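Scroll down for the structure; my scribbles are underneath it.
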Amino acid sequence: MLSHRDSDADSLGSGLALGGAFAQLGVEPVLAVHRPDRIAPPLNELPGASAVVPLSPYLVTADHDVIFVVDTASPALLGGEPTTRDALLSSRPVVNIDHHASNQHYGAVNYVETAAAATAEVLWGLLTEARIPLTADMATNLQAGLVGDTLGFQIADTSPRTLRAAAGLLEAGGATHGLPRRVLNARTIAATRLYGAALAAVQTTADGRIVWTCVTQAMAASVDASVHYSHGLPNALQEVVGAEIAAVFYELDPERTRASLRSTGRPIREVAEEYGGGGHQLAAGLTIQQPIEAAQRLVIDRLQDLLGA
């Protein structure tokens, strides 16, 4: 089982819950992600997270029958070395389970429900229909995915079925408080300082319709943190009064920048796709081979064109 790089609550929680389902069927699943050492607290406290292994060449020759990929719109989003990733995905049949509209349907089986608010919601429906009992750990992992991807059931994609899934997971021993709530809001001291530094550096267009900030390697080093610990910033910027689009730029290295985009109404997924990214209509991301200052100018100019149109 695989899920995307830079694990979030939905990708990791969905993978772990699916692993729990297979374990009940007498199968010994392996969940692999690129750089599991970067799974930050409290995500690394999800039940079963300590057993996640790196995406490595070993998996290509290991004795597996099938590969399940969850919450991953394209193979490139798995991360890792392209040769290893391609060899792995071509070595076994692939089952692709997701909820992103930008999914490339790269599996032998593609189960993509774009109306679902999270892959955790898709899996809740599948496991319920298959009558595979949900353990308390599975319910906790899926609830974390639901809470994380819906921002605590606040986004527009939250539907009656999303809330029915949450209720079903509560009945199975999950919770919307405790660990699922913490995956949305909890930060270490270092991550809190980085969060504050990034908010202090926020910029805006003259009309206030676009707000953004940059998280640089130097900024992260100054508070003894990693750039990867700056989760939650795009959603915080989205709450700025008058802002229609929020963007956060992350300096991955001197020549590579990742950007997370959020919108209150204007679809922004196509902008992300122009730079090789993707996601949802109102929440998307991209990685661009440009220094952070150049990437910022390119994307902000494009977003201004979008609003002007």
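Quick note on naming: the chains in the structure tokens go A, B, ... in the order shown, residues restart at 1 in each chain, and ligands are numbered from 1 in order of appearance.
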Which residues of region 151-263 of chain A come within 12 Å of region 47-59 of chain A, and for each one, what is the closest pair of atoms and their distance in Å to one decimal, counting only C-alpha atoms, sorted by chain and residue number, as a tab-separated table?
residue	atom	partner	partner_atom	distance
A:Gly174	CA	A:Pro47	CA	11.4
A:Leu179	CA	A:Pro47	CA	10.0
A:Pro180	CA	A:Pro47	CA	11.2
Within 10 Å of Thr264 (chain A) using only C-alpha atoms, minus same-chain residues under 2 positions, as an NGL selection string: :A and (155-156 or 238-239 or 243-246 or 262 or 266-268 or 282-283)
Please report, as CSV, each residue of region 226-294 of chain A lying at most 10 Å from region 92-103 of chain A, together with the nearest pair of atoms and the separation in Å rounded to one decimal; use only C-alpha atoms, and order rows by chain and ascending residue number.
residue,atom,partner,partner_atom,distance
A:Arg269,CA,A:Ser102,CA,8.3
A:Glu270,CA,A:Ser102,CA,9.4
A:Glu273,CA,A:Ser102,CA,8.5
A:Gly277,CA,A:Ser102,CA,8.9
A:Gly278,CA,A:Ser102,CA,5.8
A:Gly279,CA,A:Ser102,CA,5.8
A:His280,CA,A:His100,CA,6.1
A:Gln281,CA,A:Ala101,CA,8.1
A:Ala284,CA,A:Ser102,CA,9.7
Filtered DSSP result for region 140-206 of chain A, state helix (DSSP H, G or I), as a PyMOL selection string: chain A and resi 140-150+160-171+179-185+189-200
